[in-house]
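Colleague: First the structure, which I've put down as structure tokens, then a few questions once you've had a look.
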Amino acid sequence: MVNEFLFLLFIAQYSFFISGVDLVSLDAHCHWSFYEDDLESALAELNVHPILVVSVSGEPSAYQKTLEIAKRSPYIIPAFGIHPSRAAEYVNQLDQFTDLIINCLMLGEIGLDHFFIKDTSQYPVQRQLFEFFLNKAKTHNLIVNLHTKGADEETITLLDAYGITRVIMHGYEGPIELLAKVVDRGFYITVSQSVLPQWETTIPHWKRIQTIAQEVPQDLLLTETDGPGPPPRQMPYTKLQPIIAHIAKLRKTNIKEINHTVISNFQSLIHGDSKLNQYSLLLQQSQLAQTDQ
Ligand SMILES: [Zn+2]
């Protein structure tokens, strides 16, 4: 009797391996370590509305939290990074992260910030930290999930110098002229919550964000929330949904089409990456589930 019960529990928990789960959408850049008191609710919502999530981290302690959280859901991909705003704290102790990087699935959030960080004396250490990660990305063939605010041109130059090709440009909001360079290189671009109408009066370059969301080629488009943000924290699907809807409106298509596009693009990005096999499988099953309908 007990064995039967345990078996049923097992089936209930792992049924996605057997029947395939219909992933609703993709959040290619968010921070689940920030859910804190709302984590249980977020995991519960994720079970009801499964989206594939890349949960990045901005410092080692956030990564440890994220690894623990990712053990609780097959839909969360943990990524390790040190945010450029933390460069000065960590730049002299990078050797200690080598093993951690070898074992991680993806790098992020890493990059450069010359937009929010105005103190130019920080820029050399930001660059040193970023180059450390790019070197590791090259050596271990890892996807990079990038913060490039106000430093898009320099970021592209560095990616070229290190020969990095598997790139997620998180919430790219740089000059339109540079978009062609990003696209030429086949870098994926996430459209974030800053695209939403509620930001029109607060973000000076909001119109440009609309244009970017319209002009990213279909095969390079990804979606993200950068969530959960400060309390009251929105749940993962609740936060993502209006972003998808607004992108669909801008691109004169529908929500289903955007969801299908971003899932299929993410699948292309991780295809053949042995570290991300389990997520490839999940996406394949999901697409099968979608075509079955
Ligand atoms: Zn972020």
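If you're wondering about the labels, chains in the structure tokens are A, B, ... by order shown, residues count from 1 in each chain, ligands from 1 in order shown.
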List the spatial neighbours of Leu276 (chain A) as a list in words - criterion: any atom at most 8 Å away, only C-alpha atoms, same-chain residues fewer than 4 positions off excluded.
Modeller: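 Once the nearby chain positions are removed, what remains is Leu105, Ile270 and Ser280 of chain A.
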Colleague: Since we have the selection now, will you write its residues out, keeping N, CA and C atoms, as a PDB file, in the first residue's frame?
Modeller:
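Written out: again.pdb:
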ATOM      1  N   LEU A 105      26.059  25.682 -15.466  1.00  0.00           N
ATOM      2  CA  LEU A 105      25.383  25.395 -16.736  1.00  0.00           C
ATOM      3  C   LEU A 105      25.435  26.561 -17.718  1.00  0.00           C
ATOM      4  N   ILE A 270      20.359  26.248 -27.093  1.00  0.00           N
ATOM      5  CA  ILE A 270      20.972  25.245 -26.208  1.00  0.00           C
ATOM      6  C   ILE A 270      21.200  23.904 -26.908  1.00  0.00           C
ATOM      7  N   SER A 280      16.848  20.596 -23.020  1.00  0.00           N
ATOM      8  CA  SER A 280      16.544  20.355 -24.441  1.00  0.00           C
ATOM      9  C   SER A 280      15.430  19.334 -24.571  1.00  0.00           C
TER      10      SER A 280
END
Colleague: What do you get as an NGL selection string if you pick all residues at most 7 Å from ligand 1, counting only C-alpha atoms and all ligand atoms?
Modeller: :A and (29-31 or 56 or 109 or 226)
Colleague: Save the residues we just selected, C-alpha atoms, as a PDB file, in the first residue's frame?
Modeller:
ATOM      1  CA  HIS A  29      16.707  36.260 -17.460  1.00  0.00           C
ATOM      2  CA  CYS A  30      15.417  36.588 -13.911  1.00  0.00           C
ATOM      3  CA  HIS A  31      16.630  36.337 -10.320  1.00  0.00           C
ATOM      4  CA  VAL A  56      20.899  34.269 -13.155  1.00  0.00           C
ATOM      5  CA  GLU A 109      24.585  37.915 -15.005  1.00  0.00           C
ATOM      6  CA  ASP A 226      14.426  40.396 -14.846  1.00  0.00           C
TER       7      ASP A 226
END
Colleague: Just checking: using only C-alpha atoms, which residue out of A:Ser55, A:Gln93, A:Gln193, A:Ser61 ends up closest to Ser73 (chain A)?
Modeller: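 Ranking A:Ser55, A:Gln93, A:Gln193, A:Ser61 by distance to Ser73 (chain A), first place goes to A:Ser55.
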Colleague: Return the single residue from A:Leu179, A:Gly150, A:Thr238, A:Ile143 that is closest to His205 (chain A), with distances computed using only C-alpha atoms.
Modeller: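 Result for the nearest residue to His205 (chain A): A:Gly150.
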Colleague: Within 12 Å of Ile117 (chain A), counting only C-alpha atoms, which residues show up once you throw out same-chain ones fewer than 2 positions away? Write them as a VMD selection string, please.
Modeller: chain A and resid 83 to 87 112 to 115 119 to 123 126 148 to 151
Colleague: Asp152 (chain A): which residues within 10 Å, counting only C-alpha atoms, same-chain residues fewer than 4 positions away excluded, as an NGL selection string?
Modeller: :A and (111-114 or 147-148 or 156-158 or 169 or 172-175 or 178-179 or 182)
Colleague: As a ChimeraX atom specification, which residues of region 175-225 of chain A does DSSP assign to helix (DSSP H, G or I)?
Modeller: /A:176-184,193-195,197-199,206-215,218-220
Colleague: Can those selected residues be exported to a file as a PDB file, in the first residue's frame so that it contains N, CA and C atoms?
Modeller:
ATOM      1  N   ILE A 176      20.135  51.811 -31.948  1.00  0.00           N
ATOM      2  CA  ILE A 176      19.536  51.026 -33.035  1.00  0.00           C
ATOM      3  C   ILE A 176      20.618  50.634 -34.054  1.00  0.00           C
ATOM      4  N   GLU A 177      21.584  51.562 -34.291  1.00  0.00           N
ATOM      5  CA  GLU A 177      22.645  51.276 -35.275  1.00  0.00           C
ATOM      6  C   GLU A 177      23.431  50.020 -34.892  1.00  0.00           C
ATOM      7  N   LEU A 178      23.542  49.774 -33.590  1.00  0.00           N
ATOM      8  CA  LEU A 178      24.321  48.610 -33.149  1.00  0.00           C
ATOM      9  C   LEU A 178      23.550  47.298 -33.276  1.00  0.00           C
ATOM     10  N   LEU A 179      22.234  47.423 -33.385  1.00  0.00           N
ATOM     11  CA  LEU A 179      21.401  46.224 -33.445  1.00  0.00           C
ATOM     12  C   LEU A 179      21.842  45.302 -34.599  1.00  0.00           C
ATOM     13  N   ALA A 180      22.218  45.924 -35.722  1.00  0.00           N
ATOM     14  CA  ALA A 180      22.652  45.132 -36.880  1.00  0.00           C
ATOM     15  C   ALA A 180      23.885  44.296 -36.534  1.00  0.00           C
ATOM     16  N   LYS A 181      24.803  44.891 -35.752  1.00  0.00           N
ATOM     17  CA  LYS A 181      26.016  44.148 -35.360  1.00  0.00           C
ATOM     18  C   LYS A 181      25.665  42.956 -34.462  1.00  0.00           C
ATOM     19  N   VAL A 182      24.709  43.195 -33.564  1.00  0.00           N
ATOM     20  CA  VAL A 182      24.278  42.129 -32.650  1.00  0.00           C
ATOM     21  C   VAL A 182      23.636  40.998 -33.463  1.00  0.00           C
ATOM     22  N   VAL A 183      22.777  41.399 -34.388  1.00  0.00           N
ATOM     23  CA  VAL A 183      22.046  40.435 -35.214  1.00  0.00           C
ATOM     24  C   VAL A 183      22.996  39.672 -36.141  1.00  0.00           C
ATOM     25  N   ASP A 184      23.952  40.395 -36.748  1.00  0.00           N
ATOM     26  CA  ASP A 184      24.931  39.749 -37.636  1.00  0.00           C
ATOM     27  C   ASP A 184      25.654  38.609 -36.935  1.00  0.00           C
ATOM     28  N   GLN A 193      10.694  43.750 -19.309  1.00  0.00           N
ATOM     29  CA  GLN A 193       9.510  44.499 -18.840  1.00  0.00           C
ATOM     30  C   GLN A 193       9.583  45.993 -19.166  1.00  0.00           C
ATOM     31  N   SER A 194      10.796  46.503 -19.465  1.00  0.00           N
ATOM     32  CA  SER A 194      10.904  47.937 -19.771  1.00  0.00           C
ATOM     33  C   SER A 194      10.169  48.301 -21.071  1.00  0.00           C
ATOM     34  N   VAL A 195       9.737  47.285 -21.813  1.00  0.00           N
ATOM     35  CA  VAL A 195       8.962  47.540 -23.028  1.00  0.00           C
ATOM     36  C   VAL A 195       7.519  47.971 -22.693  1.00  0.00           C
ATOM     37  N   PRO A 197       4.051  49.742 -21.506  1.00  0.00           N
ATOM     38  CA  PRO A 197       3.600  51.145 -21.568  1.00  0.00           C
ATOM     39  C   PRO A 197       3.771  51.893 -20.248  1.00  0.00           C
ATOM     40  N   GLN A 198       3.715  51.186 -19.124  1.00  0.00           N
ATOM     41  CA  GLN A 198       3.813  51.867 -17.820  1.00  0.00           C
ATOM     42  C   GLN A 198       5.159  52.586 -17.613  1.00  0.00           C
ATOM     43  N   TRP A 199       6.175  52.249 -18.429  1.00  0.00           N
ATOM     44  CA  TRP A 199       7.506  52.846 -18.281  1.00  0.00           C
ATOM     45  C   TRP A 199       7.733  54.034 -19.214  1.00  0.00           C
ATOM     46  N   TRP A 206      12.496  54.936 -23.917  1.00  0.00           N
ATOM     47  CA  TRP A 206      11.412  53.950 -23.995  1.00  0.00           C
ATOM     48  C   TRP A 206      10.978  53.688 -25.452  1.00  0.00           C
ATOM     49  N   LYS A 207      10.950  54.759 -26.284  1.00  0.00           N
ATOM     50  CA  LYS A 207      10.517  54.588 -27.688  1.00  0.00           C
ATOM     51  C   LYS A 207      11.482  53.656 -28.430  1.00  0.00           C
ATOM     52  N   ARG A 208      12.771  53.820 -28.102  1.00  0.00           N
ATOM     53  CA  ARG A 208      13.773  52.956 -28.746  1.00  0.00           C
ATOM     54  C   ARG A 208      13.547  51.485 -28.359  1.00  0.00           C
ATOM     55  N   ILE A 209      13.137  51.263 -27.103  1.00  0.00           N
ATOM     56  CA  ILE A 209      12.874  49.887 -26.644  1.00  0.00           C
ATOM     57  C   ILE A 209      11.721  49.283 -27.462  1.00  0.00           C
ATOM     58  N   GLN A 210      10.727  50.113 -27.785  1.00  0.00           N
ATOM     59  CA  GLN A 210       9.614  49.634 -28.627  1.00  0.00           C
ATOM     60  C   GLN A 210      10.136  49.212 -30.006  1.00  0.00           C
ATOM     61  N   THR A 211      11.000  50.078 -30.568  1.00  0.00           N
ATOM     62  CA  THR A 211      11.548  49.795 -31.903  1.00  0.00           C
ATOM     63  C   THR A 211      12.353  48.497 -31.892  1.00  0.00           C
ATOM     64  N   ILE A 212      13.187  48.347 -30.840  1.00  0.00           N
ATOM     65  CA  ILE A 212      14.004  47.126 -30.755  1.00  0.00           C
ATOM     66  C   ILE A 212      13.094  45.895 -30.684  1.00  0.00           C
ATOM     67  N   ALA A 213      12.045  45.978 -29.854  1.00  0.00           N
ATOM     68  CA  ALA A 213      11.126  44.833 -29.713  1.00  0.00           C
ATOM     69  C   ALA A 213      10.458  44.478 -31.044  1.00  0.00           C
ATOM     70  N   GLN A 214      10.282  45.502 -31.900  1.00  0.00           N
ATOM     71  CA  GLN A 214       9.686  45.243 -33.215  1.00  0.00           C
ATOM     72  C   GLN A 214      10.704  44.677 -34.199  1.00  0.00           C
ATOM     73  N   GLU A 215      11.950  45.143 -34.065  1.00  0.00           N
ATOM     74  CA  GLU A 215      12.939  44.856 -35.118  1.00  0.00           C
ATOM     75  C   GLU A 215      13.836  43.646 -34.874  1.00  0.00           C
ATOM     76  N   GLN A 218      12.927  37.455 -35.973  1.00  0.00           N
ATOM     77  CA  GLN A 218      12.116  36.386 -35.375  1.00  0.00           C
ATOM     78  C   GLN A 218      12.967  35.278 -34.758  1.00  0.00           C
ATOM     79  N   ASP A 219      14.080  34.930 -35.429  1.00  0.00           N
ATOM     80  CA  ASP A 219      14.866  33.791 -34.953  1.00  0.00           C
ATOM     81  C   ASP A 219      15.851  34.145 -33.835  1.00  0.00           C
ATOM     82  N   LEU A 220      15.868  35.408 -33.400  1.00  0.00           N
ATOM     83  CA  LEU A 220      16.776  35.793 -32.307  1.00  0.00           C
ATOM     84  C   LEU A 220      16.030  36.366 -31.099  1.00  0.00           C
TER      85      LEU A 220
END
Colleague: Counting only C-alpha atoms, what is within 12 Å of Gln64 (chain A), bar same-chain residues fewer than 3 positions away, as a list in words?
Modeller: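 Residues meeting the cut-off are Trp32, Ser33, Ser55, Val56, Ser57, Gly58, Glu59, Pro60, Ser61, Leu67, Glu68, Ile69, Ala70, Lys71, Pro78, Ala79, Phe80, Gly81, Leu100 and Cys104 of chain A.
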Colleague: Can you tell me, as a PDB file with N, CA and C atoms, in the first residue's frame, what residues are no more than 9 Å from Lys239 (chain A) when counting only C-alpha atoms, ignoring any on the same chain fewer than 2 positions away?
Modeller:
ATOM      1  N   GLN A 193      10.694  43.750 -19.309  1.00  0.00           N
ATOM      2  CA  GLN A 193       9.510  44.499 -18.840  1.00  0.00           C
ATOM      3  C   GLN A 193       9.583  45.993 -19.166  1.00  0.00           C
ATOM      4  N   THR A 225      11.812  38.650 -17.702  1.00  0.00           N
ATOM      5  CA  THR A 225      11.185  39.587 -16.758  1.00  0.00           C
ATOM      6  C   THR A 225      12.213  40.384 -15.966  1.00  0.00           C
ATOM      7  N   GLY A 227      12.769  39.632 -13.243  1.00  0.00           N
ATOM      8  CA  GLY A 227      12.032  39.632 -11.985  1.00  0.00           C
ATOM      9  C   GLY A 227      12.763  38.898 -10.883  1.00  0.00           C
ATOM     10  N   PRO A 228      12.198  38.853  -9.695  1.00  0.00           N
ATOM     11  CA  PRO A 228      10.856  39.348  -9.390  1.00  0.00           C
ATOM     12  C   PRO A 228      10.784  40.844  -9.064  1.00  0.00           C
ATOM     13  N   ARG A 233       6.219  41.299  -4.730  1.00  0.00           N
ATOM     14  CA  ARG A 233       6.794  40.585  -5.873  1.00  0.00           C
ATOM     15  C   ARG A 233       5.703  39.920  -6.705  1.00  0.00           C
ATOM     16  N   GLN A 234       5.832  40.102  -8.016  1.00  0.00           N
ATOM     17  CA  GLN A 234       4.869  39.426  -8.902  1.00  0.00           C
ATOM     18  C   GLN A 234       5.324  37.999  -9.138  1.00  0.00           C
ATOM     19  N   MET A 235       4.396  37.114  -9.337  1.00  0.00           N
ATOM     20  CA  MET A 235       4.695  35.718  -9.606  1.00  0.00           C
ATOM     21  C   MET A 235       5.239  35.568 -11.036  1.00  0.00           C
ATOM     22  N   PRO A 236       6.015  34.485 -11.278  1.00  0.00           N
ATOM     23  CA  PRO A 236       6.745  34.389 -12.552  1.00  0.00           C
ATOM     24  C   PRO A 236       5.892  34.534 -13.819  1.00  0.00           C
ATOM     25  N   TYR A 237       4.803  33.775 -13.877  1.00  0.00           N
ATOM     26  CA  TYR A 237       3.965  33.814 -15.087  1.00  0.00           C
ATOM     27  C   TYR A 237       3.165  35.116 -15.142  1.00  0.00           C
ATOM     28  N   GLN A 241       3.535  37.444 -18.487  1.00  0.00           N
ATOM     29  CA  GLN A 241       2.397  37.465 -19.413  1.00  0.00           C
ATOM     30  C   GLN A 241       2.168  38.827 -20.112  1.00  0.00           C
ATOM     31  N   PRO A 242       2.116  39.947 -19.365  1.00  0.00           N
ATOM     32  CA  PRO A 242       1.881  41.228 -20.062  1.00  0.00           C
ATOM     33  C   PRO A 242       3.015  41.618 -21.001  1.00  0.00           C
ATOM     34  N   ILE A 243       4.237  41.165 -20.683  1.00  0.00           N
ATOM     35  CA  ILE A 243       5.386  41.464 -21.564  1.00  0.00           C
ATOM     36  C   ILE A 243       5.183  40.757 -22.907  1.00  0.00           C
TER      37      ILE A 243
END
Colleague: Report the distance between CA of Asn92 (chain A) and CA of Gln128 (chain A) in Å, rounded to one decimal place.
Modeller: 9.8 Å
Colleague: In terms of the shortest atom-to-atom distance over only C-alpha atoms, which of A:Val125, A:Val21, A:Leu52, A:Met106 is closest to Leu94 (chain A)?
Modeller: A:Val125
Colleague: If I take CA of Val191 (chain A) and CA of Val54 (chain A), how far is one from the other in Å, to one decimal?
Modeller: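 For CA of Val191 (chain A) relative to CA of Val54 (chain A), the distance reads 14.1 Å.
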